[in-house]
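A.B. asks: Contents are mmCIF, C-alpha atoms and all ligand atoms; file name start30.cif:
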```
data_model
loop_
_atom_site.label_atom_id
_atom_site.label_comp_id
_atom_site.auth_asym_id
_atom_site.auth_seq_id
_atom_site.Cartn_x
_atom_site.Cartn_y
_atom_site.Cartn_z
CA MET A 1 74.62 51.14 137.42
CA LEU A 2 78.29 52.11 137.93
CA PRO A 3 79.35 49.01 139.97
CA LEU A 4 77.63 46.70 137.44
CA LEU A 5 79.33 48.38 134.46
CA VAL A 6 82.73 48.22 136.21
CA GLU A 7 82.17 44.51 136.85
CA ILE A 8 81.04 43.73 133.29
CA ILE A 9 83.88 45.69 131.66
CA SER A 10 86.51 44.30 134.07
CA THR A 11 85.38 40.77 133.17
CA SER A 12 84.62 41.10 129.44
CA GLY A 13 86.89 43.94 128.31
CA PRO A 14 86.10 47.42 126.94
CA MET A 15 82.46 48.07 126.01
CA PRO A 16 81.74 49.74 122.62
CA PHE A 17 80.37 53.24 123.21
CA ASP A 18 77.02 52.46 121.53
CA GLU A 19 76.45 49.56 123.94
CA PHE A 20 77.43 51.80 126.87
CA MET A 21 75.03 54.54 125.65
CA GLU A 22 72.24 51.95 125.20
CA ARG A 23 72.63 50.78 128.81
CA CYS A 24 72.95 54.32 130.24
CA LEU A 25 69.85 55.63 128.47
CA TYR A 26 67.57 52.63 128.11
CA ASP A 27 68.45 49.96 130.71
CA ALA A 28 65.01 48.74 131.83
CA ASP A 29 65.66 49.47 135.54
CA ASP A 30 68.32 52.17 135.68
CA GLY A 31 68.43 53.82 132.22
CA PHE A 32 68.13 57.63 132.14
CA PHE A 33 65.01 57.50 129.94
CA SER A 34 63.56 54.22 131.28
CA ALA A 35 63.69 55.06 134.98
CA GLY A 36 62.33 58.09 136.80
CA ALA A 37 60.37 61.04 135.48
CA VAL A 38 59.75 62.01 131.87
CA ARG A 39 62.89 63.94 130.89
CA PRO A 40 61.99 66.80 128.54
CA GLY A 41 60.16 69.82 130.01
CA ALA A 42 60.74 72.96 132.05
CA LYS A 43 60.85 70.87 135.24
CA GLY A 44 62.86 68.07 133.61
CA ASP A 45 66.44 67.78 132.40
CA PHE A 46 66.26 69.72 129.12
CA VAL A 47 63.77 71.76 127.14
CA THR A 48 62.84 70.79 123.58
CA ALA A 49 60.99 72.90 120.97
CA PRO A 50 57.55 71.32 121.65
CA GLU A 51 58.05 72.04 125.37
CA VAL A 52 58.75 75.70 124.52
CA SER A 53 55.51 76.22 122.62
CA PRO A 54 52.45 74.35 121.31
CA LEU A 55 52.84 76.50 118.17
CA PHE A 56 55.67 74.13 117.18
CA GLY A 57 53.21 71.21 116.90
CA GLU A 58 50.73 73.46 115.05
CA LEU A 59 53.38 74.39 112.46
CA ILE A 60 54.50 70.76 112.05
CA ALA A 61 50.82 69.90 111.45
CA ARG A 62 50.82 72.33 108.50
CA TRP A 63 53.70 70.38 106.96
CA ALA A 64 51.92 67.08 107.64
CA ASN A 65 48.70 68.37 106.05
CA ARG A 66 50.68 69.45 102.96
CA VAL A 67 52.47 66.16 102.39
CA ARG A 68 50.06 63.48 103.52
CA GLY A 69 47.56 61.53 101.55
CA GLY A 70 43.96 60.86 102.64
CA ALA A 71 44.13 57.79 104.86
CA TRP A 72 47.61 58.32 106.23
CA ALA A 73 48.36 57.76 109.91
CA THR A 74 50.35 60.20 112.05
CA VAL A 75 53.23 58.74 114.03
CA GLU A 76 55.63 60.34 116.46
CA ILE A 77 58.71 58.34 117.38
CA GLY A 78 60.26 59.31 120.71
CA ALA A 79 57.18 61.35 121.60
CA GLY A 80 58.40 62.31 125.11
CA SER A 81 55.58 63.98 127.07
CA GLY A 82 53.35 64.26 123.96
CA ALA A 83 53.91 68.04 123.83
CA LEU A 84 54.31 67.97 120.04
CA LEU A 85 51.72 65.33 119.22
CA GLY A 86 48.87 66.98 121.18
CA PRO A 87 48.83 70.36 119.37
CA MET A 88 49.76 68.65 116.12
CA ILE A 89 46.76 66.32 115.97
CA ALA A 90 44.48 69.10 117.22
CA SER A 91 45.44 70.97 114.01
CA MET A 92 44.87 68.01 111.68
CA SER A 93 41.67 66.61 110.31
CA GLU A 94 40.86 62.93 110.89
CA THR A 95 43.99 60.83 111.33
CA THR A 96 44.83 57.76 113.39
CA THR A 97 47.73 58.59 115.62
CA PHE A 98 50.52 56.50 117.10
CA ALA A 99 53.27 57.31 119.60
CA ILE A 100 56.32 55.08 119.76
CA GLU A 101 58.39 55.57 122.88
CA ARG A 102 61.15 53.62 124.59
CA SER A 103 60.64 55.43 127.91
CA ARG A 104 58.20 53.81 130.35
CA SER A 105 57.36 57.10 132.09
CA ALA A 106 56.81 58.87 128.76
CA ARG A 107 54.47 56.07 127.57
CA ARG A 108 52.40 56.44 130.75
CA ILE A 109 52.14 60.24 130.42
CA ILE A 110 51.15 60.01 126.73
CA ARG A 111 48.42 57.47 127.54
CA GLU A 112 47.04 59.78 130.23
CA ALA A 113 47.30 63.04 128.26
CA LEU A 114 46.32 61.78 124.80
CA PRO A 115 43.82 58.93 125.17
CA THR A 116 43.06 58.78 121.43
CA VAL A 117 46.71 58.05 120.61
CA THR A 118 47.80 54.42 120.31
CA VAL A 119 51.09 53.82 122.10
CA ALA A 120 52.98 51.27 119.99
CA ASP A 121 56.29 49.44 120.39
CA SER A 122 57.62 49.85 116.88
CA ILE A 123 56.83 51.24 113.43
CA VAL A 124 55.85 47.74 112.26
CA ASP A 125 52.87 47.93 114.67
CA VAL A 126 51.48 50.95 112.79
CA ASP A 127 48.50 49.57 110.95
CA ALA A 128 48.50 51.87 107.90
CA SER A 129 50.04 51.81 104.45
CA GLY A 130 50.96 55.51 104.59
CA ALA A 131 52.10 57.72 107.44
CA VAL A 132 53.63 61.04 108.43
CA VAL A 133 56.39 60.21 110.92
CA ILE A 134 57.96 62.86 113.19
CA LEU A 135 61.21 62.47 115.14
CA ASN A 136 62.06 65.56 117.18
CA GLU A 137 65.36 65.33 119.08
CA VAL A 138 65.34 61.54 118.89
CA LEU A 139 68.19 60.52 116.56
CA ASP A 140 70.68 62.33 118.84
CA ASN A 141 69.67 59.87 121.58
CA VAL A 142 70.02 56.75 119.43
CA PRO A 143 73.13 54.89 120.63
CA ALA A 144 76.22 55.74 118.55
CA ALA A 145 79.74 54.33 118.45
CA LEU A 146 82.82 56.57 118.60
CA VAL A 147 85.87 56.64 116.34
CA GLN A 148 89.07 58.59 115.98
CA ARG A 149 90.76 59.27 112.64
CA THR A 150 94.30 57.91 112.61
CA ASP A 151 96.90 58.10 109.88
CA GLN A 152 95.26 56.49 106.82
CA SER A 153 98.44 54.57 106.02
CA GLN A 154 97.99 52.71 109.31
CA LYS A 155 95.91 49.57 109.85
CA ASN A 156 92.07 49.45 110.03
CA GLU A 157 91.76 51.89 107.13
CA GLY A 158 92.88 54.71 109.41
CA TRP A 159 90.29 54.32 112.18
CA SER A 160 90.47 53.43 115.84
CA GLU A 161 87.35 52.88 117.91
CA ILE A 162 86.80 54.54 121.28
CA ALA A 163 85.19 52.31 123.89
CA VAL A 164 84.59 52.42 127.65
CA GLY A 165 87.22 50.59 129.68
CA VAL A 166 88.08 50.35 133.39
CA ASP A 167 91.22 51.63 135.05
CA ASP A 168 91.62 51.02 138.77
CA GLY A 169 87.85 50.69 139.24
CA VAL A 170 87.10 53.91 137.28
CA LEU A 171 85.44 54.09 133.84
CA LYS A 172 87.67 55.59 131.15
CA LEU A 173 87.49 56.10 127.38
CA VAL A 174 90.02 53.78 125.71
CA ASP A 175 91.18 53.04 122.15
CA VAL A 176 90.28 49.60 120.81
CA PRO A 177 90.59 47.96 117.37
CA PRO A 178 87.47 49.01 115.41
CA ARG A 179 84.65 46.62 114.54
CA ASN A 180 84.16 45.97 110.81
CA ALA A 181 80.75 47.66 110.65
CA VAL A 182 82.20 50.75 112.35
CA VAL A 183 85.10 50.96 109.86
CA GLU A 184 82.66 50.54 106.96
CA TRP A 185 80.31 53.29 108.20
CA ALA A 186 83.14 55.69 109.12
CA SER A 187 84.90 55.20 105.77
CA ARG A 188 81.65 55.86 103.93
CA TYR A 189 80.25 58.85 105.83
CA LEU A 190 83.20 60.47 107.62
CA THR A 191 85.30 61.26 104.58
CA ASP A 192 87.86 64.05 105.04
CA LEU A 193 87.73 63.86 108.86
CA PRO A 194 91.12 65.32 109.92
CA VAL A 195 93.67 62.96 111.49
CA GLY A 196 93.24 62.96 115.28
CA ALA A 197 89.60 64.12 115.16
CA MET A 198 86.88 62.16 116.95
CA ALA A 199 83.41 61.51 115.53
CA SER A 200 80.27 59.51 116.26
CA VAL A 201 79.24 56.56 114.12
CA GLN A 202 75.46 56.51 113.80
CA ILE A 203 74.68 53.05 112.49
CA ALA A 204 71.56 52.56 114.64
CA ALA A 205 70.12 55.98 113.71
CA GLY A 206 70.42 55.06 110.02
CA LYS A 207 68.77 51.70 110.68
CA LEU A 208 65.87 53.42 112.45
CA ILE A 209 65.24 55.59 109.36
CA GLU A 210 65.53 52.50 107.11
CA SER A 211 63.04 50.58 109.25
CA ILE A 212 60.47 53.42 108.95
CA VAL A 213 60.78 53.70 105.16
CA GLU A 214 60.64 49.92 104.73
CA ALA A 215 57.58 49.49 106.99
CA LEU A 216 55.37 51.82 104.94
CA ASP A 217 54.35 52.10 101.29
CA ASP A 218 53.87 55.88 101.46
CA VAL A 219 55.91 57.83 103.94
CA ALA A 220 56.82 61.40 104.87
CA ILE A 221 59.38 61.58 107.67
CA CYS A 222 60.38 64.80 109.41
CA VAL A 223 63.60 64.54 111.43
CA ILE A 224 64.33 67.60 113.56
CA ASP A 225 67.53 67.63 115.58
CA TYR A 226 70.81 69.34 116.29
CA GLY A 227 73.53 68.23 113.93
CA GLY A 228 75.24 69.02 110.68
CA SER A 229 77.16 67.64 107.74
CA THR A 230 80.37 65.66 108.34
CA ALA A 231 82.38 68.79 107.45
CA GLU A 232 80.38 70.98 109.86
CA LEU A 233 80.71 68.45 112.69
CA ALA A 234 84.43 67.98 112.03
CA GLY A 235 84.89 71.69 112.82
CA ARG A 236 83.62 71.21 116.38
CA SER A 237 85.83 70.25 119.31
CA ASP A 238 86.24 66.62 120.44
CA ALA A 239 84.67 67.57 123.77
CA ASP A 240 81.48 68.37 121.84
CA VAL A 241 81.16 64.96 120.13
CA VAL A 242 79.33 63.53 123.14
CA ARG A 243 77.24 65.95 125.19
CA THR A 244 75.23 65.47 128.37
CA TYR A 245 72.21 67.24 129.85
CA ARG A 246 70.80 67.00 133.34
CA HIS A 247 68.70 69.45 135.36
CA GLN A 248 68.83 71.96 132.46
CA ARG A 249 72.65 72.03 132.46
CA SER A 250 75.21 70.45 130.19
CA GLY A 251 78.55 68.89 131.04
CA PHE A 252 77.53 66.22 133.59
CA ASP A 253 80.14 63.42 133.68
CA TYR A 254 78.58 60.30 132.20
CA LEU A 255 81.57 58.13 133.16
CA THR A 256 81.23 58.80 136.88
CA HIS A 257 77.40 58.90 136.85
CA PRO A 258 76.24 56.48 134.11
CA GLY A 259 72.44 56.32 133.84
CA GLN A 260 71.96 59.66 135.58
CA THR A 261 72.37 61.99 132.61
CA ASP A 262 71.24 62.36 129.04
CA ILE A 263 73.95 61.31 126.56
CA THR A 264 73.62 62.76 123.10
CA VAL A 265 75.48 63.22 119.79
CA ASP A 266 74.99 65.68 116.92
CA VAL A 267 73.13 64.00 114.07
CA ASN A 268 75.26 63.48 110.96
CA THR A 269 72.91 64.83 108.28
CA ASP A 270 75.11 63.58 105.39
CA ALA A 271 74.68 59.99 106.56
CA ILE A 272 70.91 60.25 107.04
CA VAL A 273 70.48 61.93 103.65
CA ALA A 274 72.58 59.27 101.86
CA ILE A 275 70.73 56.40 103.56
CA ALA A 276 67.32 57.89 102.77
CA GLU A 277 68.25 58.62 99.14
CA ARG A 278 69.46 55.04 98.67
CA LEU A 279 65.94 53.96 99.66
CA GLY A 280 64.52 55.97 96.76
CA THR A 281 63.06 58.82 98.82
CA GLN A 282 63.11 62.57 98.11
CA VAL A 283 65.21 64.27 100.76
CA GLU A 284 65.59 67.92 101.77
CA VAL A 285 67.72 69.46 104.52
CA MET A 286 67.17 72.93 105.95
CA THR A 287 67.39 74.78 109.25
CA GLN A 288 64.46 74.71 111.66
CA ARG A 289 64.15 78.48 111.17
CA ASP A 290 63.76 78.16 107.39
CA PHE A 291 61.42 75.19 107.80
CA LEU A 292 59.10 77.01 110.21
CA LEU A 293 59.18 80.18 108.09
CA SER A 294 58.19 78.09 105.05
CA LEU A 295 55.18 76.92 107.09
CA GLY A 296 54.01 80.48 107.86
CA ALA A 297 55.73 81.22 111.19
CA ASP A 298 56.19 84.85 110.13
CA GLU A 299 52.48 85.33 109.43
CA MET A 300 51.74 83.65 112.76
CA LEU A 301 53.98 86.22 114.49
CA SER A 302 52.17 89.12 112.76
CA GLU A 303 48.79 87.69 113.75
CA LEU A 304 49.92 87.37 117.37
CA ARG A 305 51.11 90.99 117.31
CA THR A 306 47.81 92.22 115.78
CA SER A 307 45.82 90.27 118.34
CA GLU A 308 48.03 91.58 121.19
CA ILE A 309 47.36 95.21 120.12
CA ALA A 310 43.61 94.57 119.79
CA LEU A 311 43.46 93.02 123.27
CA ALA A 312 45.48 95.94 124.71
CA ARG A 313 43.01 98.41 123.19
CA ARG A 314 40.16 96.51 124.84
CA GLY A 315 41.99 96.63 128.18
CA ASP A 316 42.37 92.83 128.31
CA VAL A 317 45.77 92.80 130.01
CA MET A 318 45.86 89.04 130.60
CA GLY A 319 44.95 88.31 126.97
CA GLN A 320 47.55 90.81 125.79
CA LEU A 321 50.26 89.16 127.94
CA ARG A 322 49.23 85.69 126.70
CA GLU A 323 49.62 86.70 123.06
CA ARG A 324 52.90 88.44 123.79
CA SER A 325 54.37 85.35 125.47
CA ARG A 326 53.19 83.16 122.59
CA GLY A 327 55.14 85.52 120.30
CA VAL A 328 58.24 85.29 122.53
CA GLU A 329 58.02 81.47 122.45
CA LEU A 330 57.65 81.39 118.67
CA ARG A 331 60.63 83.70 118.23
CA ALA A 332 62.65 81.30 120.42
CA LEU A 333 61.80 78.47 117.98
CA LEU A 334 63.18 80.62 115.12
CA ASP A 335 66.21 81.99 116.99
CA PRO A 336 69.17 81.59 114.56
CA PRO A 337 71.83 80.58 117.12
CA GLY A 338 69.34 78.51 119.16
CA PHE A 339 66.45 76.27 118.05
CA GLY A 340 66.43 78.01 114.68
CA SER A 341 69.82 76.44 113.89
CA PHE A 342 68.53 72.86 114.35
CA LYS A 343 68.45 70.79 111.17
CA VAL A 344 65.27 69.50 109.58
CA ILE A 345 65.50 66.56 107.19
CA THR A 346 62.33 65.72 105.29
CA ILE A 347 62.22 62.28 103.66
CA VAL A 348 59.27 61.59 101.36
CA ARG A 349 58.23 58.66 99.21
CA LYS A 350 54.78 58.56 97.64
CA ARG A 351 53.78 55.75 95.31
CA ASP A 352 51.70 58.00 93.04
CA THR A 353 54.67 60.30 92.36
CA MET A 354 57.15 57.50 91.72
CA PRO A 355 58.40 57.11 88.14
C1 LIG A 401 65.30 64.12 123.87
S1 LIG A 401 63.85 63.21 124.10
C2 LIG A 401 62.75 64.07 122.99
C3 LIG A 401 61.30 63.85 123.31
C4 LIG A 401 60.33 64.62 122.41
N1 LIG A 401 60.44 64.22 121.05
C5 LIG A 401 60.53 66.11 122.54
O1 LIG A 401 60.97 66.74 121.56
O2 LIG A 401 60.25 66.67 123.61
C6 LIG A 401 64.19 61.71 123.21
C7 LIG A 401 63.10 60.68 123.39
O3 LIG A 401 63.27 59.69 122.36
C8 LIG A 401 62.99 58.41 122.90
N2 LIG A 401 63.61 57.44 121.98
C9 LIG A 401 64.91 57.33 121.64
N3 LIG A 401 65.09 56.36 120.73
C10 LIG A 401 63.88 55.85 120.46
C11 LIG A 401 63.39 54.83 119.59
N4 LIG A 401 64.22 54.13 118.82
N5 LIG A 401 62.08 54.54 119.60
C12 LIG A 401 61.23 55.25 120.39
N6 LIG A 401 61.62 56.22 121.24
C13 LIG A 401 62.92 56.53 121.27
C14 LIG A 401 63.55 58.50 124.30
O4 LIG A 401 62.98 57.53 125.14
C15 LIG A 401 63.18 59.92 124.71
O5 LIG A 401 61.93 59.98 125.33
#
```
Let me see whether you can do it: turn the structure in this file into structure tokens.
Ligand SMILES: C[S@@+](CC[C@H](N)C(=O)[O-])C[C@H]1O[C@@H](n2cnc3c(N)ncnc32)[C@H](O)[C@@H]1O
C.D. replies:
Amino acid sequence: MLPLLVEIISTSGPMPFDEFMERCLYDADDGFFSAGAVRPGAKGDFVTAPEVSPLFGELIARWANRVRGGAWATVEIGAGSGALLGPMIASMSETTTFAIERSRSARRIIREALPTVTVADSIVDVDASGAVVILNEVLDNVPAALVQRTDQSQKNEGWSEIAVGVDDGVLKLVDVPPRNAVVEWASRYLTDLPVGAMASVQIAAGKLIESIVEALDDVAICVIDYGGSTAELAGRSDADVVRTYRHQRSGFDYLTHPGQTDITVDVNTDAIVAIAERLGTQVEVMTQRDFLLSLGADEMLSELRTSEIALARRGDVMGQLRERSRGVELRALLDPPGFGSFKVITIVRKRDTMP
């Protein structure tokens, strides 16, 4: 991919970061998610909550069962290996289930592992008027542009855009005049960003949420991801605005190895909340820890402990170890500095509760 990108950028000029990210992650032949093995998982490039424990899907099913109406479908966007969807639908009564995935290898694995799930191309292919829609660690992989705050008295309303250019055959981040849509988004959602700070501009992530709400009459979306408000994200270092993961490690250089690493940005929860509220939905933001506790994760931990003790008394060492490791996995999902700090945004619109 590198020689092709160098050629395109040398001929056409700097490439906006969202276009670069789109090619690196989703190019049909060489994109990180399109080509090769399915990426999440202990043997993959990074571990996500559903890959840590099936109890994650079971707890998400409790939320789905609380919010959904009778004939609603269940949809997972960016379903990866199906590690969330499998345990989730096993804990739900009758529901038609869809997985929407951009990754070819993930689509194949889902078809093999979950034959009752329909693999669809887009939310508009979901044949239901109401649906619960889950996006776990997906919005961070939706291509984003990059900006830097400049002095507001300067041109372009105080924004410059950061794109990918070429210098002596090597890819480099370069400043370019910002596109109008980027200035509009940044001015609306990145208020109070300090001069000199860098931030991601998540236009496509917002459009994905809009497309889900608009495709359905009744909808309950659960977005789970790392991220924070504009103020929280502004407090992080510029080096953290774009992160990479490969072979369970972060910090792989995406400019020297495009297409060979995950490229990800923290989700701007302020922007997603504002977009969802404009669509007339009810929105709540909380940490993953608080969300899972509200769904009974604590009681689940006590039950696992009780069952572990009972199995130990019976001399069932294997059973005891199984329950103990399930408890360890669940605690990892609640861990305050780890998965527990992820943000959950629930976005709900039900016709029967509308004024
Ligand atoms: C970090 S992985 C997470 C996979 C899974 N949700 C999990 O938690 O293990 C992100 C996945 O989202 C998929 N993805 C990103 N944008 C998407 C979109 N707009 N529609 C469908 N899938 C998407 C990618 O192909 C990738 O498989």
A.B. asks: I want to know what sits within 9 Å of Ala297 of chain A, based on all atoms listed in the file, with residues of the same chain fewer than 3 positions away left out; could you give that as a PyMOL selection string?
C.D. replies: chain A and resi 55+59+289+291-294+300-302+330-331+334
A.B. asks: Just the residues within 7 Å of segment 78-84 of chain A, please, counting all atoms listed in the file, with nothing from its chain fewer than 2 positions along; format it as an MDAnalysis selection string.
C.D. replies: chainID A and resid 38 40 50:51 54 56:57 76 86:88 99:102 106 109:110 135 138
A.B. asks: Grab the residues selected above and save them as a short mmCIF file (atom, residue, chain, number, x, y, z; two decimals), in the coordinates of the input with C-alpha atoms.
C.D. replies:
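Result saved to result39.cif:
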```cif
data_model
loop_
_atom_site.label_atom_id
_atom_site.label_comp_id
_atom_site.auth_asym_id
_atom_site.auth_seq_id
_atom_site.Cartn_x
_atom_site.Cartn_y
_atom_site.Cartn_z
CA VAL A 38 59.75 62.01 131.87
CA PRO A 40 61.99 66.80 128.54
CA PRO A 50 57.55 71.32 121.65
CA GLU A 51 58.05 72.04 125.37
CA PRO A 54 52.45 74.35 121.31
CA PHE A 56 55.67 74.13 117.18
CA GLY A 57 53.21 71.21 116.90
CA GLU A 76 55.63 60.34 116.46
CA GLY A 86 48.87 66.98 121.18
CA PRO A 87 48.83 70.36 119.37
CA MET A 88 49.76 68.65 116.12
CA ALA A 99 53.27 57.31 119.60
CA ILE A 100 56.32 55.08 119.76
CA GLU A 101 58.39 55.57 122.88
CA ARG A 102 61.15 53.62 124.59
CA ALA A 106 56.81 58.87 128.76
CA ILE A 109 52.14 60.24 130.42
CA ILE A 110 51.15 60.01 126.73
CA LEU A 135 61.21 62.47 115.14
CA VAL A 138 65.34 61.54 118.89
#
```
A.B. asks: Sorted by chain and rising residue number, list the residues of segment 68-163 of chain A at most 10 Å from segment 207-231 of chain A (counting only C-alpha atoms), each with its closest atom pair and distance in Å to one decimal, as CSV.
C.D. replies:
```
residue,atom,partner,partner_atom,distance
A:Arg68,CA,A:Ala220,CA,7.2
A:Gly69,CA,A:Asp218,CA,8.5
A:Trp72,CA,A:Asp218,CA,8.2
A:Ala73,CA,A:Val219,CA,9.6
A:Thr74,CA,A:Ala220,CA,9.7
A:Val75,CA,A:Ile221,CA,9.3
A:Glu76,CA,A:Cys222,CA,9.6
A:Ile77,CA,A:Val223,CA,9.9
A:Ser122,CA,A:Ile212,CA,9.2
A:Ile123,CA,A:Ile212,CA,6.2
A:Val124,CA,A:Ala215,CA,5.8
A:Asp125,CA,A:Ala215,CA,9.1
A:Val126,CA,A:Ala215,CA,8.5
A:Asp127,CA,A:Leu216,CA,9.4
A:Ala128,CA,A:Leu216,CA,7.5
A:Ser129,CA,A:Asp217,CA,5.4
A:Gly130,CA,A:Asp218,CA,4.3
A:Ala131,CA,A:Val219,CA,5.2
A:Val132,CA,A:Ala220,CA,4.8
A:Val133,CA,A:Ile221,CA,4.6
A:Ile134,CA,A:Cys222,CA,4.9
A:Leu135,CA,A:Val223,CA,4.9
A:Asn136,CA,A:Ile224,CA,4.7
A:Glu137,CA,A:Asp225,CA,4.7
A:Val138,CA,A:Asp225,CA,7.3
A:Leu139,CA,A:Asp225,CA,7.2
A:Asp140,CA,A:Asp225,CA,7.0
A:Val142,CA,A:Leu208,CA,8.8
```
A.B. asks: Take the residues from that selection and write them out as an mmCIF file, in the frame of the given file, keeping C-alpha atoms.
C.D. replies:
```
data_model
loop_
_atom_site.group_PDB
_atom_site.id
_atom_site.type_symbol
_atom_site.label_atom_id
_atom_site.label_comp_id
_atom_site.auth_asym_id
_atom_site.auth_seq_id
_atom_site.Cartn_x
_atom_site.Cartn_y
_atom_site.Cartn_z
ATOM 1 C CA ARG A 68 50.060 63.480 103.520
ATOM 2 C CA GLY A 69 47.560 61.530 101.550
ATOM 3 C CA TRP A 72 47.610 58.320 106.230
ATOM 4 C CA ALA A 73 48.360 57.760 109.910
ATOM 5 C CA THR A 74 50.350 60.200 112.050
ATOM 6 C CA VAL A 75 53.230 58.740 114.030
ATOM 7 C CA GLU A 76 55.630 60.340 116.460
ATOM 8 C CA ILE A 77 58.710 58.340 117.380
ATOM 9 C CA SER A 122 57.620 49.850 116.880
ATOM 10 C CA ILE A 123 56.830 51.240 113.430
ATOM 11 C CA VAL A 124 55.850 47.740 112.260
ATOM 12 C CA ASP A 125 52.870 47.930 114.670
ATOM 13 C CA VAL A 126 51.480 50.950 112.790
ATOM 14 C CA ASP A 127 48.500 49.570 110.950
ATOM 15 C CA ALA A 128 48.500 51.870 107.900
ATOM 16 C CA SER A 129 50.040 51.810 104.450
ATOM 17 C CA GLY A 130 50.960 55.510 104.590
ATOM 18 C CA ALA A 131 52.100 57.720 107.440
ATOM 19 C CA VAL A 132 53.630 61.040 108.430
ATOM 20 C CA VAL A 133 56.390 60.210 110.920
ATOM 21 C CA ILE A 134 57.960 62.860 113.190
ATOM 22 C CA LEU A 135 61.210 62.470 115.140
ATOM 23 C CA ASN A 136 62.060 65.560 117.180
ATOM 24 C CA GLU A 137 65.360 65.330 119.080
ATOM 25 C CA VAL A 138 65.340 61.540 118.890
ATOM 26 C CA LEU A 139 68.190 60.520 116.560
ATOM 27 C CA ASP A 140 70.680 62.330 118.840
ATOM 28 C CA VAL A 142 70.020 56.750 119.430
#
```
A.B. asks: Here is a test: counting only C-alpha atoms, which residue of A:Ser53, A:Val195, A:Leu233, A:Lys172 is nearest to Asp253 of chain A?
C.D. replies: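 Of A:Ser53, A:Val195, A:Leu233, A:Lys172, the one nearest Asp253 of chain A is A:Lys172, counting only C-alpha atoms.
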A.B. asks: Would you be able to write out as a ChimeraX atom specification which residues have an atom within 12 Å of (79.7, 67.4, 116.7) in the file's coordinates, counting all atoms listed in the file?
C.D. replies: /A:140,146,190,193,197-201,226-243,264-269
A.B. asks: Give me, as a list in words, all polymer residues having an atom no more than 10 Å from Val52 of chain A, counting all atoms listed in the file and skipping those fewer than 6 positions away in the same chain.
C.D. replies: Gly41, Ala42, Ala83, Leu84, Arg326, Val328, Glu329, Leu330, Ala332 and Leu333 of chain A
A.B. asks: When you count all atoms listed in the file, which of these residues is closest to Asp335 of chain A: A:Ala49, A:Leu5, A:Leu311, A:Met15?
C.D. replies: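 Selected residue with least distance to Asp335 of chain A: A:Ala49.
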A.B. asks: Give me, please, the distance in Å between atom CA of Ile60 of chain A and atom CA of Thr261 of chain A, quoted to one decimal.
C.D. replies: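 Interatomic distance, atom CA of Ile60 of chain A to atom CA of Thr261 of chain A: 28.6 Å.
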A.B. asks: What does the distance between atom CA of Pro194 of chain A and atom CA of Phe339 of chain A come to in Å, to one decimal place?
C.D. replies: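 About the pair atom CA of Pro194 of chain A and atom CA of Phe339 of chain A: they are 28.2 Å apart.
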A.B. asks: Pick from A:Phe17, A:Gly259, A:Lys343, A:Gln154: nearest to Glu284 of chain A, with all atoms listed in the file counted?
C.D. replies: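 Under the stated criterion, the closest residue is A:Lys343.
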A.B. asks: With distances taken over all atoms listed in the file, which of A:Arg107, A:Arg278, A:His257, A:Lys350 is nearest to ligand LIG 401 (chain A)?
C.D. replies: A:Arg107
A.B. asks: Quick one: of A:Ser93, A:Ser307, A:Ser105, A:Gln202, who's nearest to Val147 of chain A, counting only C-alpha atoms?
C.D. replies: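 Answer, going by the shortest atom-to-atom distance: A:Gln202.
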A.B. asks: Just to confirm, what's the straight-line distance from atom CA of Trp63 of chain A to atom CA of Pro115 of chain A in Å (one decimal)?
C.D. replies: 23.7 Å
A.B. asks: What's the 9 Å shell around Ala276 of chain A, counting all atoms listed in the file, without same-chain residues fewer than 3 positions away, as a PyMOL selection string?
C.D. replies: chain A and resi 206+209-210+213+271-273+279-283+347-348
A.B. asks: Go ahead and save the picked residues with C-alpha atoms, as a compact mmCIF listing (two decimals), in the coordinates of the input.
C.D. replies:
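Final file, part.txt:
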```txt
# COMPACT_ATOMS: atom_id res chain seq x y z
CA GLY A 206 70.42 55.06 110.02
CA ILE A 209 65.24 55.59 109.36
CA GLU A 210 65.53 52.50 107.11
CA VAL A 213 60.78 53.70 105.16
CA ALA A 271 74.68 59.99 106.56
CA ILE A 272 70.91 60.25 107.04
CA VAL A 273 70.48 61.93 103.65
CA LEU A 279 65.94 53.96 99.66
CA GLY A 280 64.52 55.97 96.76
CA THR A 281 63.06 58.82 98.82
CA GLN A 282 63.11 62.57 98.11
CA VAL A 283 65.21 64.27 100.76
CA ILE A 347 62.22 62.28 103.66
CA VAL A 348 59.27 61.59 101.36
```
A.B. asks: Quick one: of A:Pro16, A:Arg305, A:Val117, A:Glu94, who's nearest to Glu161 of chain A, counting all atoms listed in the file?
C.D. replies: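 Answer, going by the shortest atom-to-atom distance: A:Pro16.
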A.B. asks: Which polymer residues, protein or nucleic acid, are no farther than 10 Å from (75.2, 58.7, 132.2), counting all atoms listed in the file, as a ChimeraX atom specification?
C.D. replies: /A:1-2,20-21,23-25,31-32,244-246,252-263
